[in-house]
>>> print(open('work.tsv').read())   # TSV, C-alpha atoms
chain	number	residue	atom	x	y	z
A	1112	MET	CA	162.63	121.76	176.96
A	1113	SER	CA	159.27	123.48	177.43
A	1114	GLU	CA	158.25	124.40	180.96
A	1115	GLN	CA	155.67	122.02	182.43
A	1116	SER	CA	152.88	122.87	184.84
A	1117	GLU	CA	149.86	121.10	186.33
A	1118	GLN	CA	146.52	122.36	187.57
A	1119	ARG	CA	144.02	120.15	189.41
A	1120	PHE	CA	140.28	120.28	188.88
A	1121	GLY	CA	138.87	118.44	191.86
A	1122	GLU	CA	140.23	115.05	192.81
A	1123	PHE	CA	139.90	113.29	189.47
A	1124	VAL	CA	141.02	115.64	186.68
A	1125	ALA	CA	144.34	117.33	185.95
A	1126	VAL	CA	145.48	119.67	183.20
A	1127	ARG	CA	149.18	119.57	182.40
A	1128	ARG	CA	150.77	122.19	180.18
A	1129	GLU	CA	153.87	121.85	178.08
A	1130	GLY	CA	154.35	124.77	175.76
A	1131	PHE	CA	151.28	125.25	173.61
A	1132	VAL	CA	149.88	121.76	174.30
A	1133	ALA	CA	147.50	121.01	177.17
A	1134	GLU	CA	147.01	117.45	178.41
A	1135	LEU	CA	143.61	116.87	180.00
A	1136	VAL	CA	144.18	113.84	182.24
A	1137	LEU	CA	141.34	111.61	183.44
A	1138	ASP	CA	142.72	110.71	186.86
A	1139	ARG	CA	140.41	108.38	188.75
A	1140	PRO	CA	142.56	105.25	188.35
A	1141	LYS	CA	141.00	103.15	191.10
A	1142	ALA	CA	137.65	103.27	189.28
A	1143	MET	CA	139.17	103.00	185.77
A	1144	ASN	CA	138.02	106.59	185.25
A	1145	ALA	CA	134.31	105.79	185.66
A	1146	VAL	CA	132.65	109.19	185.35
A	1147	SER	CA	130.93	110.09	188.61
A	1148	SER	CA	129.02	113.33	189.11
A	1149	GLU	CA	132.06	114.87	190.77
A	1150	MET	CA	134.34	113.81	187.92
A	1151	ALA	CA	131.88	115.09	185.31
A	1152	ARG	CA	131.83	118.50	187.01
A	1153	SER	CA	135.62	118.51	187.02
A	1154	ILE	CA	135.85	117.64	183.31
A	1155	GLY	CA	133.42	120.44	182.53
A	1156	ALA	CA	135.37	122.93	184.67
A	1157	ALA	CA	138.69	121.93	183.09
A	1158	CYS	CA	137.22	122.34	179.60
A	1159	ALA	CA	135.82	125.76	180.47
A	1160	ALA	CA	139.25	126.88	181.66
A	1161	LEU	CA	140.94	125.50	178.52
A	1162	ALA	CA	138.38	127.14	176.24
A	1163	ASP	CA	139.16	130.51	177.82
A	1164	ASP	CA	142.93	130.10	177.41
A	1165	ALA	CA	143.98	131.50	174.04
A	1166	SER	CA	147.53	130.20	174.52
A	1167	VAL	CA	146.41	126.56	174.22
A	1168	ARG	CA	146.79	125.43	170.62
A	1169	VAL	CA	145.99	121.71	171.09
A	1170	THR	CA	144.39	119.66	173.88
A	1171	VAL	CA	145.20	115.97	174.32
A	1172	LEU	CA	142.78	113.82	176.34
A	1173	THR	CA	144.59	111.05	178.25
A	1174	SER	CA	144.20	108.64	181.17
A	1175	SER	CA	146.34	107.96	184.23
A	1176	ASN	CA	145.09	104.35	184.39
A	1177	ASP	CA	147.14	101.62	182.72
A	1178	ARG	CA	144.10	99.47	181.89
A	1179	ALA	CA	141.50	101.95	180.74
A	1180	PHE	CA	141.02	105.28	179.04
A	1181	CYS	CA	137.56	105.49	180.62
A	1182	VAL	CA	134.90	102.83	181.26
A	1183	GLY	CA	131.99	105.28	181.04
A	1184	ALA	CA	129.42	106.38	183.58
A	1185	ASP	CA	129.82	105.39	187.22
A	1186	LEU	CA	127.06	102.77	187.33
A	1187	LYS	CA	127.58	102.17	191.06
A	1188	GLU	CA	126.69	105.80	191.68
A	1189	ARG	CA	123.85	105.67	189.18
A	1190	ASN	CA	122.39	102.60	190.93
A	1191	SER	CA	121.91	104.68	194.08
A	1192	PHE	CA	119.99	107.47	192.33
A	1193	THR	CA	116.28	108.05	192.61
A	1194	ASP	CA	114.54	109.04	189.38
A	1195	ALA	CA	114.56	112.66	190.52
A	1196	GLU	CA	118.29	112.53	191.28
A	1197	LEU	CA	119.00	111.04	187.87
A	1198	VAL	CA	117.13	113.91	186.19
A	1199	ARG	CA	119.03	116.48	188.27
A	1200	GLN	CA	122.35	114.84	187.44
A	1201	ARG	CA	121.78	114.85	183.68
A	1202	PRO	CA	123.02	118.43	183.00
A	1203	THR	CA	126.17	117.66	184.98
A	1204	ALA	CA	126.87	114.58	182.88
A	1205	ARG	CA	126.14	116.41	179.64
A	1206	GLY	CA	128.45	119.22	180.67
A	1207	ALA	CA	131.44	116.89	180.63
A	1208	TYR	CA	130.82	115.60	177.11
A	1209	THR	CA	129.83	118.93	175.58
A	1210	GLY	CA	132.79	120.53	177.34
A	1211	VAL	CA	135.19	118.34	175.37
A	1212	LEU	CA	133.13	118.55	172.18
A	1213	GLU	CA	133.04	122.35	172.22
A	1214	LEU	CA	136.72	122.99	172.92
A	1215	PRO	CA	137.69	125.56	170.29
A	1216	MET	CA	141.18	124.23	169.60
A	1217	PRO	CA	142.05	120.89	167.93
A	1218	THR	CA	141.68	117.92	170.28
A	1219	VAL	CA	143.31	114.49	170.25
A	1220	ALA	CA	142.24	111.47	172.33
A	1221	ALA	CA	144.89	108.95	173.39
A	1222	VAL	CA	143.06	105.65	173.94
A	1223	HIS	CA	144.86	102.95	175.92
A	1224	GLY	CA	142.77	100.04	177.20
A	1225	PHE	CA	139.02	100.21	177.62
A	1226	ALA	CA	137.07	103.15	176.18
A	1227	LEU	CA	133.48	102.08	176.68
A	1228	GLY	CA	130.16	103.92	176.78
A	1229	GLY	CA	130.76	107.43	178.02
A	1230	GLY	CA	134.49	106.78	177.83
A	1231	PHE	CA	134.31	106.18	174.11
A	1232	GLU	CA	131.98	109.19	173.79
A	1233	LEU	CA	134.67	111.40	175.34
A	1234	ALA	CA	137.06	110.13	172.66
A	1235	LEU	CA	134.45	110.63	169.93
A	1236	ALA	CA	134.11	114.25	171.06
A	1237	CYS	CA	137.74	114.80	170.02
A	1238	ASP	CA	138.88	115.62	166.49
A	1239	VAL	CA	141.35	112.73	166.19
A	1240	ILE	CA	141.51	109.44	168.11
A	1241	VAL	CA	144.90	107.77	168.55
A	1242	ALA	CA	144.86	104.24	169.98
A	1243	ASP	CA	147.30	101.45	170.70
A	1244	ALA	CA	146.98	97.67	170.55
A	1245	THR	CA	145.38	97.49	174.02
A	1246	ALA	CA	142.37	99.59	172.96
A	1247	VAL	CA	138.87	98.15	173.28
A	1248	VAL	CA	136.07	100.52	172.32
A	1249	GLY	CA	132.29	100.36	172.18
A	1250	LEU	CA	128.92	101.79	173.12
A	1251	PRO	CA	127.29	99.07	175.27
A	1252	GLU	CA	124.50	101.21	176.77
A	1253	VAL	CA	121.54	99.27	175.37
A	1254	SER	CA	122.82	96.21	177.24
A	1255	VAL	CA	122.02	98.00	180.52
A	1256	GLY	CA	118.73	99.52	179.41
A	1257	VAL	CA	119.76	103.00	178.31
A	1258	ILE	CA	121.21	104.59	175.17
A	1259	PRO	CA	124.49	106.40	174.47
A	1260	GLY	CA	123.75	109.75	176.07
A	1261	GLY	CA	127.07	111.55	175.81
A	1262	GLY	CA	126.81	112.24	172.09
A	1263	GLY	CA	127.34	108.70	170.83
A	1264	THR	CA	124.16	108.36	168.78
A	1265	GLN	CA	125.11	111.54	166.89
A	1266	LEU	CA	128.91	111.41	166.75
A	1267	LEU	CA	129.35	107.75	165.78
A	1268	PRO	CA	127.13	107.91	162.64
A	1269	ARG	CA	128.97	111.05	161.56
A	1270	ARG	CA	132.23	109.15	161.91
A	1271	VAL	CA	131.41	105.74	160.41
A	1272	GLY	CA	128.02	106.09	158.70
A	1273	ALA	CA	124.47	105.27	159.81
A	1274	ALA	CA	124.37	101.52	159.18
A	1275	ARG	CA	127.71	100.73	160.79
A	1276	ALA	CA	126.86	102.89	163.79
A	1277	ALA	CA	123.49	101.14	164.10
A	1278	GLU	CA	125.12	97.71	164.15
A	1279	LEU	CA	127.58	98.79	166.84
A	1280	VAL	CA	125.02	100.52	169.05
A	1281	PHE	CA	122.32	97.85	168.69
A	1282	THR	CA	124.66	94.90	169.39
A	1283	ALA	CA	126.46	96.75	172.22
A	1284	ARG	CA	129.59	94.88	171.21
A	1285	ARG	CA	133.14	95.72	172.17
A	1286	VAL	CA	135.61	96.25	169.34
A	1287	GLU	CA	139.32	95.55	169.72
A	1288	ALA	CA	142.04	97.79	168.34
A	1289	ALA	CA	142.71	96.31	164.89
A	1290	GLU	CA	139.03	96.13	163.94
A	1291	ALA	CA	138.40	99.55	165.47
A	1292	ARG	CA	141.03	101.02	163.15
A	1293	GLU	CA	139.58	99.13	160.18
A	1294	LEU	CA	136.06	100.40	160.90
A	1295	GLY	CA	137.20	103.98	161.49
A	1296	LEU	CA	136.31	103.97	165.19
A	1297	VAL	CA	139.85	105.18	165.83
A	1298	ASP	CA	142.03	107.08	163.39
A	1299	LEU	CA	145.60	106.05	164.17
A	1300	LEU	CA	146.90	102.81	165.67
A	1301	GLU	CA	150.30	103.34	167.26
A	1302	GLU	CA	152.65	101.49	169.59
A	1303	ASP	CA	152.04	103.93	172.44
A	1304	ALA	CA	148.86	105.98	172.25
A	1305	ARG	CA	149.83	108.80	174.59
A	1306	THR	CA	153.30	109.30	173.13
A	1307	ALA	CA	151.92	109.31	169.58
A	1308	ALA	CA	149.08	111.67	170.53
A	1309	MET	CA	151.47	114.12	172.18
A	1310	GLU	CA	153.77	114.02	169.15
A	1311	LEU	CA	150.82	114.66	166.85
A	1312	ALA	CA	149.73	117.53	169.09
A	1313	GLY	CA	153.21	119.02	168.84
A	1314	ARG	CA	153.07	118.95	165.05
A	1315	ILE	CA	149.62	120.57	165.06
A	1316	ALA	CA	150.70	123.21	167.60
A	1317	ALA	CA	153.47	124.41	165.26
A	1318	ASN	CA	150.75	125.94	163.07
A	1319	SER	CA	148.80	129.17	163.44
A	1320	PRO	CA	146.55	129.12	166.52
A	1321	VAL	CA	144.15	131.51	164.77
A	1322	GLY	CA	144.11	129.27	161.70
A	1323	LEU	CA	143.66	126.09	163.72
A	1324	ARG	CA	140.64	127.39	165.62
A	1325	ALA	CA	139.04	128.85	162.51
A	1326	ALA	CA	139.57	125.62	160.54
A	1327	LYS	CA	138.00	123.59	163.34
A	1328	ARG	CA	135.07	125.98	163.56
A	1329	ALA	CA	134.48	125.77	159.81
A	1330	MET	CA	134.58	121.97	159.77
A	1331	ARG	CA	132.33	121.61	162.81
A	1332	LEU	CA	129.74	124.19	161.73
A	1333	GLY	CA	129.73	123.00	158.12
A	1334	GLN	CA	129.14	119.36	158.97
A	1335	GLY	CA	125.69	118.27	157.86
A	1336	LEU	CA	125.04	121.34	155.75
A	1337	ASP	CA	124.61	121.18	152.00
A	1338	LEU	CA	127.70	122.18	150.02
A	1339	ARG	CA	126.57	125.71	149.22
A	1340	ALA	CA	125.81	126.50	152.86
A	1341	GLY	CA	129.02	124.80	153.96
A	1342	LEU	CA	131.07	126.97	151.64
A	1343	GLU	CA	129.47	130.06	153.17
A	1344	VAL	CA	130.56	128.81	156.61
A	1345	GLU	CA	134.05	128.34	155.23
A	1346	ASP	CA	134.08	131.83	153.72
A	1347	ALA	CA	133.09	133.38	157.05
A	1348	ALA	CA	135.89	131.48	158.78
A	1349	TRP	CA	138.36	132.59	156.08
A	1350	ARG	CA	137.36	136.22	156.55
A	1351	SER	CA	137.96	135.87	160.30
A	1352	VAL	CA	141.62	134.98	159.69
A	1353	ALA	CA	142.45	136.77	156.44
A	1354	PHE	CA	143.39	140.04	158.17
A	1355	SER	CA	144.85	138.52	161.34
A	1356	GLY	CA	148.33	138.97	162.71
A	1357	ASP	CA	148.90	135.24	162.21
A	1358	ARG	CA	148.16	135.53	158.52
A	1359	ALA	CA	150.59	138.46	158.12
A	1360	GLU	CA	153.28	136.60	160.07
A	1361	GLY	CA	152.71	133.36	158.15
A	1362	VAL	CA	153.15	135.03	154.76
A	1363	ALA	CA	156.19	136.98	155.96
A	1364	ALA	CA	157.84	133.89	157.44
A	1365	PHE	CA	157.25	131.93	154.23
A	1366	ASN	CA	158.86	134.63	152.10
A	1367	GLU	CA	161.75	135.07	154.53
A	1368	LYS	CA	162.30	131.28	154.73
A	1369	ARG	CA	162.01	131.13	158.54
A	1370	LYS	CA	159.74	129.57	161.12
A	1371	PRO	CA	156.79	131.80	162.01
A	1372	ALA	CA	156.47	133.38	165.42
A	1373	TRP	CA	152.68	133.35	165.68
A	1374	PRO	CA	151.16	136.33	167.51
A	1375	GLY	CA	148.00	134.26	168.01
A	1376	GLU	CA	145.65	137.04	167.01
>>> encode(input="work.tsv", output="structure tokens")
Amino acid sequence: MSEQSEQRFGEFVAVRREGFVAELVLDRPKAMNAVSSEMARSIGAACAALADDASVRVTVLTSSNDRAFCVGADLKERNSFTDAELVRQRPTARGAYTGVLELPMPTVAAVHGFALGGGFELALACDVIVADATAVVGLPEVSVGVIPGGGGTQLLPRRVGAARAAELVFTARRVEAAEARELGLVDLLEEDARTAAMELAGRIAANSPVGLRAAKRAMRLGQGLDLRAGLEVEDAAWRSVAFSGDRAEGVAAFNEKRKPAWPGE
């Protein structure tokens, strides 16, 4: 059994480690993980620490609440803001979403219950979204006079196409698990989202950490480019791993018919 550890980032975020997998836990259960300014700062700080940790091969984003992954921005807090305070808070809020989006290793979201507004945007910032039958997702921001501001207007069209994203954003409707899977709003529908996400993370983490990060970088940077430019991005990523210790170990392990012991460099 791998050794487990936990590090707290403020009151509302925890990072648990088991082997090469990190679990980033949204832990404000009494508010269904509504993202306050304090929680946003903590998410950003946790992501910064994870990004600097070369030993993390996969990060799984989970919730400690049994009814919600995350219900989005803390509207009670927002209601108390002056216009000036709202402007000052914006970089803090953005830091949480970009923190998840820019994690260099593969990321998996485990969606149980409500993932709405900013909560769904946190999931969209991950590479793969695993959900269970309780999942309800959506971007309802226009129903309260704003727009998705945690990446939703950019990430959702890239995931499901412009027209489908427009329908979902403009209607502000909530989508239950089966339809969410059908529309591509989530990738895998499993009996238990967290268990399935952690198992998936374990399978991913068995692979080269250098290769995983380079593959993610190539896919992220190449998205939206024309094919010729995208292939140049891929070539640069290939060159970054071609002479790595991981590549040498991977080839040796294959020829020796054994599991690789990745040096991670």
>>> residues_around(input="work.tsv", residues="Gly1230 of chain A", least_positions_apart="5", cutoff="7 Å", atoms="only C-alpha atoms", output="list in words")
Phe1180, Cys1181, Val1182 and Gly1183 of chain A
>>> closest_atom_pairs(input="work.tsv", of="segment 1269-1335 of chain A", to="segment 1240-1246 of chain A", cutoff="7 Å", atoms="all atoms listed in the file", output="JSON lines")
{"residue": "A:Glu1287", "atom": "CA", "partner": "A:Ala1246", "partner_atom": "CA", "distance": 6.0}
{"residue": "A:Ala1288", "atom": "CA", "partner": "A:Ala1246", "partner_atom": "CA", "distance": 5.0}
{"residue": "A:Val1297", "atom": "CA", "partner": "A:Ile1240", "partner_atom": "CA", "distance": 5.1}
{"residue": "A:Asp1298", "atom": "CA", "partner": "A:Ile1240", "partner_atom": "CA", "distance": 5.3}
{"residue": "A:Leu1299", "atom": "CA", "partner": "A:Val1241", "partner_atom": "CA", "distance": 4.8}
{"residue": "A:Leu1300", "atom": "CA", "partner": "A:Ala1242", "partner_atom": "CA", "distance": 5.0}
{"residue": "A:Glu1301", "atom": "CA", "partner": "A:Asp1243", "partner_atom": "CA", "distance": 4.9}
{"residue": "A:Glu1302", "atom": "CA", "partner": "A:Asp1243", "partner_atom": "CA", "distance": 5.5}
{"residue": "A:Asp1303", "atom": "CA", "partner": "A:Asp1243", "partner_atom": "CA", "distance": 5.6}
{"residue": "A:Ala1304", "atom": "CA", "partner": "A:Ala1242", "partner_atom": "CA", "distance": 4.9}
{"residue": "A:Ala1308", "atom": "CA", "partner": "A:Val1241", "partner_atom": "CA", "distance": 6.1}
>>> closest_residue(input="work.tsv", among="A:Gly1375, A:Gly1322, A:Pro1140, A:Gly1361", to="Phe1123 of chain A", atoms="all atoms listed in the file")
A:Pro1140
>>> closest_residue(input="work.tsv", among="A:Glu1117, A:Asp1177, A:Glu1129, A:Asp1185", to="Val1146 of chain A", atoms="all atoms listed in the file")
A:Asp1185
>>> residues_around(input="work.tsv", residues="Glu1188 of chain A", least_positions_apart="2", cutoff="12 Å", atoms="all atoms listed in the file", output="ChimeraX atom specification")
/A:1142,1145-1150,1183-1186,1190-1193,1196-1197,1200
>>> residues_around(input="work.tsv", residues="Asp1164 of chain A", least_positions_apart="2", cutoff="12 Å", atoms="all atoms listed in the file", output="list in words")
Arg1128, Phe1131, Val1132, Ala1133, Ala1157, Cys1158, Ala1159, Ala1160, Leu1161, Ala1162, Ser1166, Val1167, Arg1168, Val1169, Thr1170, Leu1214, Pro1215, Met1216, Pro1320 and Gly1375 of chain A
>>> closest_residue(input="work.tsv", among="A:Val1171, A:Ala1195, A:Met1143, A:Leu1227", to="Leu1311 of chain A", atoms="all atoms listed in the file")
A:Val1171
>>> atom_distance(input="work.tsv", atom1="atom CA of Ala1359 of chain A", atom2="atom CA of Ser1319 of chain A")
10.9 Å
>>> atom_distance(input="work.tsv", atom1="atom CA of Leu1336 of chain A", atom2="atom CA of Glu1278 of chain A")
25.1 Å
>>> axis_aligned_box(input="work.tsv", around="segment 1130-1142 of chain A", padding_each_side="5 Å", output="JSON")
{"center_x": 146.0, "center_y": 114.2, "center_z": 182.4, "size_x": 26.7, "size_y": 32.1, "size_z": 27.5}
>>> residues_around(input="work.tsv", residues="Thr1282 of chain A", least_positions_apart="3", cutoff="9 Å", atoms="only C-alpha atoms", output="ChimeraX atom specification")
/A:1250-1251,1253-1254,1277-1279,1285
>>> atom_distance(input="work.tsv", atom1="atom CA of Ser1175 of chain A", atom2="atom CA of Arg1269 of chain A")
28.7 Å
>>> closest_residue(input="work.tsv", among="A:Leu1135, A:Ala1307, A:Ala1151, A:Val1352", to="Ala1326 of chain A", atoms="all atoms listed in the file")
A:Val1352
>>> closest_residue(input="work.tsv", among="A:Arg1305, A:Arg1328, A:Arg1178, A:Lys1370", to="Val1136 of chain A", atoms="all atoms listed in the file")
A:Arg1305
>>> closest_residue(input="work.tsv", among="A:Leu1212, A:Ala1289, A:Ile1315, A:Leu1235", to="Thr1264 of chain A", atoms="only C-alpha atoms")
A:Leu1235
>>> build_atoms(input="work.tsv", residues="segment 1114-1139 of chain A", atoms="N, CA, C and O atoms", output="PDB file, keeping the file's coordinate frame")
ATOM      1  N   GLU A1114     158.606 124.436 179.542  1.00  0.00           N
ATOM      2  CA  GLU A1114     158.250 124.400 180.960  1.00  0.00           C
ATOM      3  C   GLU A1114     156.931 123.670 181.138  1.00  0.00           C
ATOM      4  O   GLU A1114     155.984 123.870 180.383  1.00  0.00           O
ATOM      5  N   GLN A1115     156.875 122.797 182.152  1.00  0.00           N
ATOM      6  CA  GLN A1115     155.670 122.020 182.430  1.00  0.00           C
ATOM      7  C   GLN A1115     154.979 122.552 183.666  1.00  0.00           C
ATOM      8  O   GLN A1115     155.617 123.036 184.600  1.00  0.00           O
ATOM      9  N   SER A1116     153.650 122.466 183.676  1.00  0.00           N
ATOM     10  CA  SER A1116     152.880 122.870 184.840  1.00  0.00           C
ATOM     11  C   SER A1116     151.662 121.973 184.940  1.00  0.00           C
ATOM     12  O   SER A1116     151.265 121.321 183.971  1.00  0.00           O
ATOM     13  N   GLU A1117     151.065 121.913 186.145  1.00  0.00           N
ATOM     14  CA  GLU A1117     149.860 121.100 186.330  1.00  0.00           C
ATOM     15  C   GLU A1117     148.865 121.861 187.188  1.00  0.00           C
ATOM     16  O   GLU A1117     149.240 122.509 188.168  1.00  0.00           O
ATOM     17  N   GLN A1118     147.611 121.784 186.802  1.00  0.00           N
ATOM     18  CA  GLN A1118     146.520 122.360 187.570  1.00  0.00           C
ATOM     19  C   GLN A1118     145.484 121.279 187.822  1.00  0.00           C
ATOM     20  O   GLN A1118     145.100 120.549 186.898  1.00  0.00           O
ATOM     21  N   ARG A1119     145.031 121.153 189.059  1.00  0.00           N
ATOM     22  CA  ARG A1119     144.020 120.150 189.410  1.00  0.00           C
ATOM     23  C   ARG A1119     142.629 120.765 189.324  1.00  0.00           C
ATOM     24  O   ARG A1119     142.408 121.930 189.665  1.00  0.00           O
ATOM     25  N   PHE A1120     141.698 119.940 188.870  1.00  0.00           N
ATOM     26  CA  PHE A1120     140.280 120.280 188.880  1.00  0.00           C
ATOM     27  C   PHE A1120     139.579 119.193 189.682  1.00  0.00           C
ATOM     28  O   PHE A1120     139.255 118.130 189.167  1.00  0.00           O
ATOM     29  N   GLY A1121     139.400 119.457 190.983  1.00  0.00           N
ATOM     30  CA  GLY A1121     138.870 118.440 191.860  1.00  0.00           C
ATOM     31  C   GLY A1121     139.870 117.302 192.035  1.00  0.00           C
ATOM     32  O   GLY A1121     141.070 117.428 191.747  1.00  0.00           O
ATOM     33  N   GLU A1122     139.359 116.182 192.501  1.00  0.00           N
ATOM     34  CA  GLU A1122     140.230 115.050 192.810  1.00  0.00           C
ATOM     35  C   GLU A1122     140.610 114.244 191.577  1.00  0.00           C
ATOM     36  O   GLU A1122     141.662 113.591 191.546  1.00  0.00           O
ATOM     37  N   PHE A1123     139.780 114.290 190.527  1.00  0.00           N
ATOM     38  CA  PHE A1123     139.900 113.290 189.470  1.00  0.00           C
ATOM     39  C   PHE A1123     140.320 113.806 188.101  1.00  0.00           C
ATOM     40  O   PHE A1123     140.353 113.037 187.139  1.00  0.00           O
ATOM     41  N   VAL A1124     140.636 115.087 187.983  1.00  0.00           N
ATOM     42  CA  VAL A1124     141.020 115.640 186.680  1.00  0.00           C
ATOM     43  C   VAL A1124     142.221 116.570 186.857  1.00  0.00           C
ATOM     44  O   VAL A1124     142.260 117.372 187.796  1.00  0.00           O
ATOM     45  N   ALA A1125     143.183 116.432 185.952  1.00  0.00           N
ATOM     46  CA  ALA A1125     144.340 117.330 185.950  1.00  0.00           C
ATOM     47  C   ALA A1125     144.549 117.884 184.551  1.00  0.00           C
ATOM     48  O   ALA A1125     144.239 117.219 183.554  1.00  0.00           O
ATOM     49  N   VAL A1126     145.061 119.091 184.479  1.00  0.00           N
ATOM     50  CA  VAL A1126     145.480 119.670 183.200  1.00  0.00           C
ATOM     51  C   VAL A1126     146.965 119.973 183.304  1.00  0.00           C
ATOM     52  O   VAL A1126     147.397 120.737 184.180  1.00  0.00           O
ATOM     53  N   ARG A1127     147.733 119.345 182.443  1.00  0.00           N
ATOM     54  CA  ARG A1127     149.180 119.570 182.400  1.00  0.00           C
ATOM     55  C   ARG A1127     149.505 120.369 181.152  1.00  0.00           C
ATOM     56  O   ARG A1127     148.961 120.102 180.081  1.00  0.00           O
ATOM     57  N   ARG A1128     150.383 121.345 181.300  1.00  0.00           N
ATOM     58  CA  ARG A1128     150.770 122.190 180.180  1.00  0.00           C
ATOM     59  C   ARG A1128     152.228 121.984 179.845  1.00  0.00           C
ATOM     60  O   ARG A1128     153.079 121.962 180.732  1.00  0.00           O
ATOM     61  N   GLU A1129     152.511 121.830 178.579  1.00  0.00           N
ATOM     62  CA  GLU A1129     153.870 121.850 178.080  1.00  0.00           C
ATOM     63  C   GLU A1129     153.865 122.672 176.802  1.00  0.00           C
ATOM     64  O   GLU A1129     153.362 122.235 175.770  1.00  0.00           O
ATOM     65  N   GLY A1130     154.396 123.879 176.905  1.00  0.00           N
ATOM     66  CA  GLY A1130     154.350 124.770 175.760  1.00  0.00           C
ATOM     67  C   GLY A1130     152.924 125.111 175.386  1.00  0.00           C
ATOM     68  O   GLY A1130     152.123 125.525 176.228  1.00  0.00           O
ATOM     69  N   PHE A1131     152.607 124.903 174.121  1.00  0.00           N
ATOM     70  CA  PHE A1131     151.280 125.250 173.610  1.00  0.00           C
ATOM     71  C   PHE A1131     150.291 124.085 173.677  1.00  0.00           C
ATOM     72  O   PHE A1131     149.164 124.210 173.209  1.00  0.00           O
ATOM     73  N   VAL A1132     150.722 122.958 174.227  1.00  0.00           N
ATOM     74  CA  VAL A1132     149.880 121.760 174.300  1.00  0.00           C
ATOM     75  C   VAL A1132     149.389 121.555 175.730  1.00  0.00           C
ATOM     76  O   VAL A1132     150.166 121.615 176.686  1.00  0.00           O
ATOM     77  N   ALA A1133     148.090 121.335 175.874  1.00  0.00           N
ATOM     78  CA  ALA A1133     147.500 121.010 177.170  1.00  0.00           C
ATOM     79  C   ALA A1133     147.097 119.534 177.168  1.00  0.00           C
ATOM     80  O   ALA A1133     146.527 119.044 176.199  1.00  0.00           O
ATOM     81  N   GLU A1134     147.410 118.847 178.242  1.00  0.00           N
ATOM     82  CA  GLU A1134     147.010 117.450 178.410  1.00  0.00           C
ATOM     83  C   GLU A1134     145.930 117.393 179.481  1.00  0.00           C
ATOM     84  O   GLU A1134     146.181 117.719 180.644  1.00  0.00           O
ATOM     85  N   LEU A1135     144.738 117.014 179.078  1.00  0.00           N
ATOM     86  CA  LEU A1135     143.610 116.870 180.000  1.00  0.00           C
ATOM     87  C   LEU A1135     143.596 115.420 180.468  1.00  0.00           C
ATOM     88  O   LEU A1135     143.291 114.506 179.688  1.00  0.00           O
ATOM     89  N   VAL A1136     143.964 115.196 181.722  1.00  0.00           N
ATOM     90  CA  VAL A1136     144.180 113.840 182.240  1.00  0.00           C
ATOM     91  C   VAL A1136     142.986 113.379 183.058  1.00  0.00           C
ATOM     92  O   VAL A1136     142.620 114.009 184.059  1.00  0.00           O
ATOM     93  N   LEU A1137     142.374 112.280 182.635  1.00  0.00           N
ATOM     94  CA  LEU A1137     141.340 111.610 183.440  1.00  0.00           C
ATOM     95  C   LEU A1137     142.077 110.834 184.520  1.00  0.00           C
ATOM     96  O   LEU A1137     142.846 109.915 184.231  1.00  0.00           O
ATOM     97  N   ASP A1138     141.859 111.189 185.786  1.00  0.00           N
ATOM     98  CA  ASP A1138     142.720 110.710 186.860  1.00  0.00           C
ATOM     99  C   ASP A1138     141.916 110.143 188.031  1.00  0.00           C
ATOM    100  O   ASP A1138     142.013 110.607 189.159  1.00  0.00           O
ATOM    101  N   ARG A1139     141.111 109.139 187.707  1.00  0.00           N
ATOM    102  CA  ARG A1139     140.410 108.380 188.750  1.00  0.00           C
ATOM    103  C   ARG A1139     140.789 106.904 188.563  1.00  0.00           C
ATOM    104  O   ARG A1139     139.936 106.066 188.237  1.00  0.00           O
TER     105      ARG A1139
END
